[in-house]
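Trainee: Structure: model.cif, mmCIF, C-alpha atoms and all ligand atoms.
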```cif
data_upload
loop_
_atom_site.label_atom_id
_atom_site.label_comp_id
_atom_site.auth_asym_id
_atom_site.auth_seq_id
_atom_site.Cartn_x
_atom_site.Cartn_y
_atom_site.Cartn_z
CA MET Z 1 -26.28 17.99 2.03
CA ALA Z 2 -22.75 16.57 2.15
CA GLU Z 3 -22.28 13.43 4.18
CA THR Z 4 -20.91 13.53 7.69
CA ILE Z 5 -17.62 11.71 8.14
CA ALA Z 6 -15.89 10.38 11.27
CA PHE Z 7 -12.12 9.92 11.06
CA ILE Z 8 -10.40 7.74 13.68
CA GLY Z 9 -6.59 7.92 13.81
CA LEU Z 10 -5.26 11.42 13.15
CA GLY Z 11 -1.55 10.60 12.89
CA ASN Z 12 0.96 11.40 10.14
CA MET Z 13 -1.38 10.12 7.44
CA GLY Z 14 -4.83 10.50 9.02
CA CYS Z 15 -4.56 14.20 9.90
CA PRO Z 16 -3.77 15.47 6.37
CA MET Z 17 -6.32 13.03 4.87
CA ALA Z 18 -9.06 14.31 7.19
CA ALA Z 19 -8.01 17.91 6.45
CA ASN Z 20 -8.57 17.25 2.72
CA LEU Z 21 -12.08 15.98 3.46
CA VAL Z 22 -12.81 19.24 5.32
CA LYS Z 23 -11.45 21.19 2.32
CA GLY Z 24 -13.67 19.05 0.10
CA GLY Z 25 -16.78 20.28 1.93
CA TYR Z 26 -17.50 17.34 4.27
CA ARG Z 27 -18.37 17.75 7.93
CA VAL Z 28 -15.63 15.77 9.68
CA THR Z 29 -15.36 14.72 13.32
CA GLY Z 30 -12.08 13.09 14.27
CA PHE Z 31 -10.75 11.13 17.20
CA ASP Z 32 -7.26 9.98 18.22
CA LEU Z 33 -6.00 8.55 21.52
CA SER Z 34 -3.21 11.12 21.42
CA PRO Z 35 -4.24 14.58 22.71
CA THR Z 36 -1.42 16.11 20.63
CA ALA Z 37 -2.77 14.53 17.44
CA CYS Z 38 -6.25 15.89 18.30
CA ALA Z 39 -4.85 19.38 18.92
CA ASP Z 40 -2.97 19.31 15.59
CA ALA Z 41 -6.15 18.19 13.84
CA ARG Z 42 -8.19 21.03 15.37
CA GLU Z 43 -5.62 23.50 14.05
CA LYS Z 44 -6.41 22.14 10.57
CA GLY Z 45 -10.15 22.74 11.02
CA ILE Z 46 -11.10 19.19 12.05
CA LYS Z 47 -13.59 19.01 14.91
CA THR Z 48 -12.60 16.33 17.46
CA ALA Z 49 -14.68 14.13 19.76
CA THR Z 50 -13.72 12.75 23.16
CA SER Z 51 -14.10 9.09 22.15
CA ALA Z 52 -14.33 6.98 19.02
CA PRO Z 53 -18.01 5.99 19.63
CA GLU Z 54 -18.91 9.67 20.10
CA ALA Z 55 -17.14 10.58 16.82
CA VAL Z 56 -19.07 7.99 14.79
CA SER Z 57 -22.52 8.36 16.32
CA ASP Z 58 -24.00 10.56 13.56
CA ALA Z 59 -21.58 9.72 10.74
CA ASP Z 60 -22.65 8.41 7.33
CA VAL Z 61 -19.08 7.32 6.60
CA VAL Z 62 -16.39 6.26 9.11
CA ILE Z 63 -12.71 6.06 8.15
CA THR Z 64 -10.03 4.42 10.29
CA MET Z 65 -6.29 5.10 9.77
CA LEU Z 66 -4.48 3.20 12.53
CA PRO Z 67 -1.11 1.50 13.02
CA ALA Z 68 -1.95 -2.21 12.51
CA GLY Z 69 -4.58 -4.98 12.46
CA ARG Z 70 -5.02 -5.27 16.23
CA HIS Z 71 -5.76 -1.54 16.55
CA VAL Z 72 -8.27 -1.65 13.71
CA LEU Z 73 -10.13 -4.67 15.11
CA ALA Z 74 -10.20 -3.12 18.61
CA VAL Z 75 -11.53 0.19 17.30
CA TRP Z 76 -14.11 -1.44 14.98
CA ARG Z 77 -15.34 -3.56 17.95
CA GLU Z 78 -15.91 -0.28 19.81
CA ILE Z 79 -17.48 1.73 16.99
CA VAL Z 80 -19.64 -0.77 15.08
CA PRO Z 81 -22.33 -0.82 17.83
CA ALA Z 82 -22.29 3.00 17.97
CA MET Z 83 -22.74 3.59 14.22
CA LYS Z 84 -25.95 4.55 12.41
CA ASP Z 85 -27.70 1.72 10.54
CA GLY Z 86 -26.60 1.60 6.90
CA ALA Z 87 -23.38 3.60 7.41
CA LEU Z 88 -20.17 2.86 5.47
CA LEU Z 89 -16.91 1.82 7.19
CA ILE Z 90 -13.61 2.33 5.38
CA ASP Z 91 -10.27 1.19 6.78
CA SER Z 92 -7.23 2.77 5.12
CA SER Z 93 -4.55 1.40 7.48
CA THR Z 94 -2.06 -1.19 6.19
CA LEU Z 95 -2.77 -4.56 7.81
CA ASP Z 96 -2.74 -8.30 7.25
CA VAL Z 97 -5.36 -9.70 4.90
CA GLY Z 98 -6.82 -11.94 7.65
CA SER Z 99 -7.54 -9.01 10.00
CA ALA Z 100 -8.99 -7.01 7.09
CA ARG Z 101 -11.42 -9.86 6.34
CA GLN Z 102 -12.31 -10.16 10.04
CA ALA Z 103 -13.15 -6.45 10.08
CA HIS Z 104 -15.49 -6.89 7.09
CA GLU Z 105 -17.13 -9.87 8.85
CA MET Z 106 -17.63 -7.79 12.00
CA ALA Z 107 -19.51 -5.12 10.02
CA ALA Z 108 -21.68 -7.72 8.27
CA ALA Z 109 -22.38 -9.61 11.52
CA ALA Z 110 -23.92 -6.48 13.07
CA ASN Z 111 -26.86 -7.11 10.68
CA ARG Z 112 -27.60 -3.40 10.42
CA GLY Z 113 -26.85 -2.82 6.75
CA LEU Z 114 -23.32 -1.55 7.39
CA ALA Z 115 -21.14 -1.50 4.26
CA SER Z 116 -17.37 -1.96 4.53
CA LEU Z 117 -14.24 -1.46 2.45
CA ASP Z 118 -10.54 -2.13 3.01
CA ALA Z 119 -8.80 0.76 1.26
CA PRO Z 120 -5.08 0.97 2.09
CA VAL Z 121 -3.04 3.68 0.41
CA SER Z 122 0.28 4.36 -1.19
CA GLY Z 123 1.80 7.79 -1.64
CA GLY Z 124 3.01 8.50 1.91
CA VAL Z 125 2.61 11.69 3.93
CA GLY Z 126 3.37 13.79 0.81
CA GLY Z 127 0.50 12.17 -1.09
CA ALA Z 128 -1.81 12.41 1.94
CA THR Z 129 -1.11 16.16 2.20
CA ALA Z 130 -1.42 16.82 -1.54
CA GLY Z 131 -4.55 14.67 -1.87
CA THR Z 132 -2.86 12.45 -4.46
CA LEU Z 133 -2.89 9.06 -2.70
CA THR Z 134 -3.58 5.80 -4.53
CA PHE Z 135 -6.38 3.81 -2.84
CA MET Z 136 -6.48 0.02 -3.32
CA CYS Z 137 -9.95 -1.16 -2.39
CA GLY Z 138 -11.48 -4.49 -1.38
CA GLY Z 139 -15.21 -5.01 -0.82
CA THR Z 140 -18.47 -5.14 -2.73
CA GLY Z 141 -19.01 -3.04 -5.84
CA GLU Z 142 -21.75 -1.21 -3.97
CA ALA Z 143 -19.46 -0.26 -1.04
CA PHE Z 144 -16.79 0.84 -3.54
CA ALA Z 145 -19.21 3.03 -5.51
CA ARG Z 146 -20.38 4.68 -2.31
CA ALA Z 147 -16.84 5.30 -1.03
CA ARG Z 148 -15.45 6.59 -4.30
CA PRO Z 149 -16.50 10.29 -4.06
CA VAL Z 150 -15.10 10.45 -0.51
CA LEU Z 151 -11.81 8.77 -1.48
CA GLU Z 152 -11.48 11.12 -4.47
CA LYS Z 153 -11.10 14.06 -2.07
CA MET Z 154 -7.95 12.37 -0.68
CA GLY Z 155 -6.55 10.53 -3.66
CA ALA Z 156 -5.73 10.74 -7.35
CA LYS Z 157 -6.18 7.06 -8.19
CA ILE Z 158 -8.89 4.83 -6.75
CA VAL Z 159 -8.78 1.15 -7.77
CA HIS Z 160 -11.33 -1.56 -6.98
CA CYS Z 161 -9.11 -4.64 -6.55
CA GLY Z 162 -11.80 -7.21 -5.69
CA ASP Z 163 -13.68 -8.60 -2.70
CA ALA Z 164 -12.97 -8.21 1.04
CA GLY Z 165 -9.20 -8.10 1.70
CA ALA Z 166 -8.20 -7.54 -1.96
CA GLY Z 167 -7.04 -3.97 -1.25
CA GLN Z 168 -4.65 -5.19 1.46
CA ALA Z 169 -3.46 -8.00 -0.81
CA ALA Z 170 -2.60 -5.46 -3.54
CA LYS Z 171 -0.84 -3.23 -1.03
CA ILE Z 172 1.49 -5.90 0.38
CA CYS Z 173 2.27 -7.34 -3.08
CA ASN Z 174 3.12 -3.85 -4.38
CA ASN Z 175 5.32 -3.06 -1.39
CA MET Z 176 7.11 -6.40 -1.66
CA ILE Z 177 8.08 -5.37 -5.21
CA LEU Z 178 9.18 -1.99 -3.87
CA GLY Z 179 11.37 -3.42 -1.06
CA ILE Z 180 13.02 -5.92 -3.39
CA SER Z 181 13.56 -3.39 -6.18
CA MET Z 182 15.07 -0.81 -3.83
CA ILE Z 183 17.62 -3.35 -2.60
CA GLY Z 184 18.36 -4.32 -6.22
CA VAL Z 185 18.93 -0.71 -7.27
CA ALA Z 186 21.05 -0.02 -4.16
CA GLU Z 187 23.21 -3.11 -4.84
CA ALA Z 188 23.78 -1.95 -8.42
CA PHE Z 189 25.00 1.49 -7.25
CA VAL Z 190 27.32 -0.12 -4.66
CA LEU Z 191 28.78 -2.43 -7.33
CA ALA Z 192 29.13 0.52 -9.74
CA GLU Z 193 31.13 2.40 -7.10
CA LYS Z 194 33.51 -0.56 -6.73
CA LEU Z 195 33.88 -0.68 -10.54
CA GLY Z 196 34.63 3.05 -10.80
CA LEU Z 197 31.36 3.81 -12.64
CA SER Z 198 29.78 7.15 -11.68
CA HIS Z 199 26.29 7.33 -10.14
CA GLN Z 200 25.12 9.58 -12.96
CA ALA Z 201 26.41 7.24 -15.68
CA LEU Z 202 24.64 4.24 -14.14
CA PHE Z 203 21.47 6.31 -13.75
CA ASP Z 204 21.58 7.60 -17.35
CA VAL Z 205 21.91 4.07 -18.72
CA ALA Z 206 19.65 2.09 -16.35
CA SER Z 207 16.85 4.69 -16.23
CA THR Z 208 16.30 4.23 -19.97
CA SER Z 209 17.25 0.53 -20.14
CA SER Z 210 15.85 -2.72 -18.83
CA GLY Z 211 16.92 -1.91 -15.24
CA GLN Z 212 14.41 0.94 -15.19
CA CYS Z 213 12.02 0.95 -12.19
CA TRP Z 214 10.40 3.39 -9.74
CA SER Z 215 13.07 2.81 -7.07
CA LEU Z 216 15.62 4.12 -9.59
CA THR Z 217 13.80 6.80 -11.55
CA SER Z 218 11.60 8.39 -8.86
CA TYR Z 219 13.36 7.46 -5.64
CA CYS Z 220 17.03 7.05 -6.56
CA PRO Z 221 18.95 5.94 -3.42
CA VAL Z 222 22.06 8.05 -4.19
CA PRO Z 223 22.12 11.85 -4.14
CA GLY Z 224 22.21 13.65 -7.49
CA PRO Z 225 20.29 12.00 -10.31
CA VAL Z 226 16.77 12.55 -8.86
CA PRO Z 227 16.87 15.80 -6.85
CA SER Z 228 13.57 15.12 -5.03
CA SER Z 229 14.65 11.70 -3.63
CA PRO Z 230 15.34 11.39 0.14
CA ALA Z 231 19.02 10.61 -0.64
CA ASN Z 232 19.39 14.36 -1.26
CA ASN Z 233 17.93 15.15 2.15
CA GLY Z 234 20.00 13.00 4.52
CA TYR Z 235 17.62 10.03 4.00
CA LYS Z 236 14.87 11.77 5.97
CA PRO Z 237 11.58 9.91 5.23
CA GLY Z 238 9.76 9.75 2.86
CA PHE Z 239 8.86 6.22 3.71
CA ALA Z 240 10.51 5.07 6.92
CA ALA Z 241 12.41 1.76 6.99
CA ALA Z 242 10.17 0.66 9.91
CA LEU Z 243 7.09 0.91 7.67
CA MET Z 244 8.82 -0.94 4.83
CA LEU Z 245 9.77 -3.68 7.30
CA LYS Z 246 6.17 -3.84 8.54
CA ASP Z 247 4.88 -4.31 4.97
CA LEU Z 248 7.55 -6.90 4.07
CA ARG Z 249 6.65 -8.88 7.20
CA LEU Z 250 2.97 -8.75 6.25
CA ALA Z 251 3.92 -10.09 2.80
CA GLN Z 252 5.91 -12.94 4.40
CA GLU Z 253 3.04 -13.80 6.76
CA ALA Z 254 0.73 -13.95 3.75
CA ALA Z 255 3.25 -16.04 1.76
CA ASN Z 256 3.56 -18.50 4.65
CA ALA Z 257 -0.19 -18.69 5.10
CA THR Z 258 -0.86 -19.34 1.42
CA GLY Z 259 2.23 -21.39 0.52
CA ALA Z 260 3.51 -18.82 -2.03
CA THR Z 261 7.25 -19.04 -2.80
CA THR Z 262 8.82 -15.60 -2.23
CA PRO Z 263 12.57 -16.05 -1.59
CA LEU Z 264 13.49 -12.48 -2.53
CA GLY Z 265 10.65 -11.11 -0.39
CA ALA Z 266 12.00 -13.15 2.54
CA GLU Z 267 15.54 -11.85 1.95
CA ALA Z 268 14.28 -8.25 1.70
CA ALA Z 269 12.41 -8.64 5.02
CA GLN Z 270 15.59 -10.01 6.63
CA LEU Z 271 17.77 -7.15 5.30
CA TYR Z 272 15.30 -4.47 6.43
CA SER Z 273 15.08 -6.17 9.82
CA LEU Z 274 18.89 -5.95 10.21
CA PHE Z 275 18.85 -2.35 8.95
CA ALA Z 276 16.15 -1.37 11.47
CA ALA Z 277 17.87 -3.25 14.33
CA ALA Z 278 21.09 -1.33 13.57
CA GLY Z 279 19.27 1.91 14.51
CA HIS Z 280 17.92 3.03 11.13
CA ALA Z 281 14.21 2.29 11.60
CA SER Z 282 13.22 5.93 11.31
CA GLU Z 283 15.41 6.67 8.29
CA ASP Z 284 14.02 6.52 4.78
CA PHE Z 285 14.02 2.97 3.42
CA SER Z 286 16.33 3.97 0.55
CA GLY Z 287 19.06 4.48 3.19
CA ILE Z 288 19.59 0.70 2.99
CA ILE Z 289 22.25 1.57 0.39
CA ASN Z 290 24.54 2.87 3.15
CA PHE Z 291 24.06 -0.36 5.06
CA LEU Z 292 24.93 -2.44 1.98
CA ARG Z 293 27.94 -0.26 1.25
CA GLY Z 294 29.12 -0.98 4.79
CA GLY Z 295 28.85 -4.72 4.18
CA GLY Z 296 25.43 -5.14 5.82
CA LYS Z 297 26.63 -3.93 9.22
CA ASP Z 298 27.28 -0.57 10.90
P1 LIG H 301 0.82 7.18 12.96
O1 LIG H 301 1.44 6.35 14.01
O2 LIG H 301 1.39 8.53 12.65
O3 LIG H 301 -0.75 7.37 13.23
C1 LIG H 301 -1.57 6.40 13.81
C2 LIG H 301 -2.47 7.12 14.82
O4 LIG H 301 -3.40 6.18 15.35
C3 LIG H 301 -1.68 7.71 16.01
O5 LIG H 301 -1.92 9.11 16.08
C4 LIG H 301 -2.27 6.96 17.21
O6 LIG H 301 -2.37 7.76 18.39
C5 LIG H 301 -3.65 6.58 16.69
N1 LIG H 301 -4.26 5.47 17.41
C6 LIG H 301 -3.73 4.27 17.77
N2 LIG H 301 -4.65 3.51 18.42
C7 LIG H 301 -5.79 4.25 18.46
C8 LIG H 301 -7.08 4.01 18.98
N3 LIG H 301 -7.39 2.87 19.61
N4 LIG H 301 -8.01 4.98 18.86
C9 LIG H 301 -7.73 6.15 18.23
N5 LIG H 301 -6.50 6.44 17.71
C10 LIG H 301 -5.55 5.49 17.83
O7 LIG H 301 0.83 6.27 11.62
P2 LIG H 301 0.67 6.75 10.12
O8 LIG H 301 2.00 7.02 9.51
O9 LIG H 301 -0.40 7.79 10.05
O10 LIG H 301 0.15 5.40 9.44
C11 LIG H 301 -1.19 4.92 9.61
C12 LIG H 301 -1.37 3.70 8.75
O11 LIG H 301 -1.09 4.01 7.37
C13 LIG H 301 -0.43 2.53 9.10
O12 LIG H 301 -1.13 1.34 8.98
C14 LIG H 301 0.68 2.64 8.05
O13 LIG H 301 1.31 1.40 7.80
C15 LIG H 301 -0.10 3.14 6.85
N6 LIG H 301 0.68 3.88 5.86
C16 LIG H 301 1.57 4.83 6.26
C17 LIG H 301 2.31 5.52 5.29
C18 LIG H 301 3.31 6.58 5.70
O14 LIG H 301 4.13 6.98 4.84
N7 LIG H 301 3.29 7.07 6.93
C19 LIG H 301 2.13 5.24 3.93
C20 LIG H 301 1.18 4.29 3.56
C21 LIG H 301 0.46 3.61 4.53
#
```
Go through the file and emit its structure as structure tokens.
Mentor:
Amino acid sequence: MAETIAFIGLGNMGCPMAANLVKGGYRVTGFDLSPTACADAREKGIKTATSAPEAVSDADVVITMLPAGRHVLAVWREIVPAMKDGALLIDSSTLDVGSARQAHEMAAAANRGLASLDAPVSGGVGGATAGTLTFMCGGTGEAFARARPVLEKMGAKIVHCGDAGAGQAAKICNNMILGISMIGVAEAFVLAEKLGLSHQALFDVASTSSGQCWSLTSYCPVPGPVPSSPANNGYKPGFAAALMLKDLRLAQEAANATGATTPLGAEAAQLYSLFAAAGHASEDFSGIINFLRGGGKD
């Protein structure tokens, strides 16, 4: 019989992820503090419980998808004592590596054979809905092997990055590249405009030259060259600037904690902080081009 899964955190990402587990044949019980999120989940066929401990009490696998480290640690503190011996805990939220490791330690300290995995995702709400997320996983090989069939119902690419915290490390390093590269691509388009070079001409050259990168070819920050990019849709997210800022700050915290030199990561965090403070936090992160065009102010 298919395993029973508890899913805590049924927000923009969690709800479609849990819905894909239901479609994949799992029995899923969800919980969210928000009654609206619970009601939306029920409409998608997800049974909901009245508390997190109730949701996890007969689950073989528990997945958390929450805003940040403090929420994850608070929820794990509540659910670990309520879980069945030998169950598997997976956290797919994006959080700092230190909190991710603390969560693993909490599961191990219960001494009840609980397995744990940090498994943050990339792919956004579109990927969560389509079941095409990338999962970056940290934990033992055994925990990874056990989680894999469950993660495959929600994702297209499942990578074991290493021990506890390695999934979160991969996530923040990847998103630091993304934040920096988006600013680089946006700066190039702004300079091209000043030089009288058309968007399409820059795209045609750079997309097949050494300037080629995902921020240009899949997520072009000007309307036209890539019809599916948020630039063609009024910079509606997509991936909100607030979430990019969160990930860039996590990367800077990690750089400070480890002594890594990341000057461009620091600059990207500063620019996204100004962009968000100017009222654009809920716009797509590629909208930073408009901010740069305006001289970095509104
Ligand atoms: P969200 O705010 O839409 O959902 C989070 C949910 O957690 C909310 O419904 C909230 O009510 C619930 N919650 C908070 N505290 C709780 C608690 N104690 N018990 C139960 N429920 C609780 O956020 P989201 O967009 O779904 O993102 C979730 C995580 O995924 C974040 O860490 C985010 O950084 C990461 N992420 C998001 C995206 C994206 O595009 N949205 C992409 C990749 C990763």
Trainee: Could you state the separation of atom CA of Z:Arg70 and atom CA of Z:Leu95 in Å, given to one decimal place?
Mentor: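 We find that atom CA of Z:Arg70 and atom CA of Z:Leu95 lie 8.7 Å from each other.
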Trainee: Taking only C-alpha atoms and all ligand atoms and a cut-off of 7 Å, can you tell me which residues surround ligand LIG 301 (chain H), written as a ChimeraX atom specification?
Mentor: /Z:8-14,31-34,37,52,65-68,71,74-75,92-95,120-125,238-240,243
Trainee: For the selection just defined, write its residues with C-alpha atoms to a file, as a PDB file, keeping the file's coordinate frame.
Mentor:
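Output file selection_5.pdb follows:
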```pdb
ATOM      1  CA  ILE Z   8     -10.400   7.740  13.680  1.00  0.00           C
ATOM      2  CA  GLY Z   9      -6.590   7.920  13.810  1.00  0.00           C
ATOM      3  CA  LEU Z  10      -5.260  11.420  13.150  1.00  0.00           C
ATOM      4  CA  GLY Z  11      -1.550  10.600  12.890  1.00  0.00           C
ATOM      5  CA  ASN Z  12       0.960  11.400  10.140  1.00  0.00           C
ATOM      6  CA  MET Z  13      -1.380  10.120   7.440  1.00  0.00           C
ATOM      7  CA  GLY Z  14      -4.830  10.500   9.020  1.00  0.00           C
ATOM      8  CA  PHE Z  31     -10.750  11.130  17.200  1.00  0.00           C
ATOM      9  CA  ASP Z  32      -7.260   9.980  18.220  1.00  0.00           C
ATOM     10  CA  LEU Z  33      -6.000   8.550  21.520  1.00  0.00           C
ATOM     11  CA  SER Z  34      -3.210  11.120  21.420  1.00  0.00           C
ATOM     12  CA  ALA Z  37      -2.770  14.530  17.440  1.00  0.00           C
ATOM     13  CA  ALA Z  52     -14.330   6.980  19.020  1.00  0.00           C
ATOM     14  CA  MET Z  65      -6.290   5.100   9.770  1.00  0.00           C
ATOM     15  CA  LEU Z  66      -4.480   3.200  12.530  1.00  0.00           C
ATOM     16  CA  PRO Z  67      -1.110   1.500  13.020  1.00  0.00           C
ATOM     17  CA  ALA Z  68      -1.950  -2.210  12.510  1.00  0.00           C
ATOM     18  CA  HIS Z  71      -5.760  -1.540  16.550  1.00  0.00           C
ATOM     19  CA  ALA Z  74     -10.200  -3.120  18.610  1.00  0.00           C
ATOM     20  CA  VAL Z  75     -11.530   0.190  17.300  1.00  0.00           C
ATOM     21  CA  SER Z  92      -7.230   2.770   5.120  1.00  0.00           C
ATOM     22  CA  SER Z  93      -4.550   1.400   7.480  1.00  0.00           C
ATOM     23  CA  THR Z  94      -2.060  -1.190   6.190  1.00  0.00           C
ATOM     24  CA  LEU Z  95      -2.770  -4.560   7.810  1.00  0.00           C
ATOM     25  CA  PRO Z 120      -5.080   0.970   2.090  1.00  0.00           C
ATOM     26  CA  VAL Z 121      -3.040   3.680   0.410  1.00  0.00           C
ATOM     27  CA  SER Z 122       0.280   4.360  -1.190  1.00  0.00           C
ATOM     28  CA  GLY Z 123       1.800   7.790  -1.640  1.00  0.00           C
ATOM     29  CA  GLY Z 124       3.010   8.500   1.910  1.00  0.00           C
ATOM     30  CA  VAL Z 125       2.610  11.690   3.930  1.00  0.00           C
ATOM     31  CA  GLY Z 238       9.760   9.750   2.860  1.00  0.00           C
ATOM     32  CA  PHE Z 239       8.860   6.220   3.710  1.00  0.00           C
ATOM     33  CA  ALA Z 240      10.510   5.070   6.920  1.00  0.00           C
ATOM     34  CA  LEU Z 243       7.090   0.910   7.670  1.00  0.00           C
TER      35      LEU Z 243
END
```
Trainee: Show me, as a list in words, the residues that have an atom within 10 Å of Z:Asp284 when counting all atoms listed in the file, minus same-chain residues fewer than 3 positions from it.
Mentor: Pro221, Ser229, Pro230, Ala231, Asn233, Gly234, Tyr235, Lys236, Pro237, Gly238, Phe239, Ala240, Ala241, Ala242, Leu243, Met244, His280, Ala281, Gly287 and Ile288 of chain Z
Trainee: Would you list the contacts of Z:Val28 as a PDB file with C-alpha atoms, in the coordinates of the input, taking every protein, DNA or RNA residue within 8 Å and counting all atoms listed in the file, but skipping same-chain residues closer than 2 positions in sequence?
Mentor:
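Output contents, as saved in around.pdb:
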```pdb
ATOM      1  CA  THR Z   4     -20.910  13.530   7.690  1.00  0.00           C
ATOM      2  CA  ILE Z   5     -17.620  11.710   8.140  1.00  0.00           C
ATOM      3  CA  ALA Z   6     -15.890  10.380  11.270  1.00  0.00           C
ATOM      4  CA  PHE Z   7     -12.120   9.920  11.060  1.00  0.00           C
ATOM      5  CA  ALA Z  18      -9.060  14.310   7.190  1.00  0.00           C
ATOM      6  CA  LEU Z  21     -12.080  15.980   3.460  1.00  0.00           C
ATOM      7  CA  VAL Z  22     -12.810  19.240   5.320  1.00  0.00           C
ATOM      8  CA  TYR Z  26     -17.500  17.340   4.270  1.00  0.00           C
ATOM      9  CA  GLY Z  30     -12.080  13.090  14.270  1.00  0.00           C
ATOM     10  CA  ILE Z  46     -11.100  19.190  12.050  1.00  0.00           C
ATOM     11  CA  LYS Z  47     -13.590  19.010  14.910  1.00  0.00           C
TER      12      LYS Z  47
END
```
Trainee: Using all atoms listed in the file, which of Z:Ser218, Z:Ser210, Z:Thr129, Z:Ser116 sits nearest Z:Ala145?
Mentor: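 Selected residue with least distance to Z:Ala145: Z:Ser116.
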Trainee: Give as a list in words the set of residues within 9 Å of the point (-12.5, 8.2, 0.9), where distances use the file's coordinates and all atoms listed in the file.
Mentor: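 Within the cut-off we find Met17, Leu21, Val61, Ile63, Ile90, Ser92, Ala119, Phe135, Ala147, Arg148, Pro149, Val150, Leu151, Glu152, Lys153, Met154 and Gly155 of chain Z.
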Trainee: Would you mind reading off the distance between atom CA of Z:Leu195 and atom CA of Z:Met182, one decimal, in Å?
Mentor: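 Interatomic distance here is 20.0 Å.
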Trainee: Find the distance between atom CA of Z:Phe189 and atom CA of Z:Tyr272 and write it in Å to one decimal.
Mentor: 17.8 Å
Trainee: Once you count only C-alpha atoms, what closest atom pair and distance in Å to one decimal does each residue of stretch 94-191 of chain Z within 9 Å of stretch 254-267 of chain Z have, with rows by chain and rising residue number, as CSV?
Mentor:
```
residue,atom,partner,partner_atom,distance
Z:Asp96,CA,Z:Ala254,CA,7.5
Z:Val97,CA,Z:Ala254,CA,7.5
Z:Gly98,CA,Z:Ala254,CA,8.7
Z:Ala169,CA,Z:Ala254,CA,8.6
Z:Ile172,CA,Z:Ala254,CA,8.8
Z:Met176,CA,Z:Gly265,CA,6.0
Z:Ile177,CA,Z:Gly265,CA,7.9
Z:Gly179,CA,Z:Gly265,CA,7.8
Z:Ile180,CA,Z:Gly265,CA,6.4
```
Trainee: Pick out the closest residue to Z:Val190 from this set: Z:Pro81, Z:Gly126, Z:Gly224, Z:Gly294. Count only C-alpha atoms.
Mentor: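 Using only C-alpha atoms, the shortest distance to Z:Val190 belongs to Z:Gly294.
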Trainee: Would you kindly return, as a list in words, each protein, DNA or RNA residue with an atom no farther than 8 Å from any atom of Z:Val56, considering only C-alpha atoms and excluding same-chain residues fewer than 6 positions away?
Mentor: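 After dropping sequence-adjacent residues, the list is Ile5, Ala6, Thr29, Val62, Ile79, Ala82 and Met83 of chain Z.
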Trainee: Return the single residue from Z:Thr217, Z:Ser99, Z:Ser51, Z:Asn20 that is closest to Z:Val72, with distances computed using only C-alpha atoms.
Mentor: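 Looking at the shortest contact to Z:Val72, the residue is Z:Ser99.
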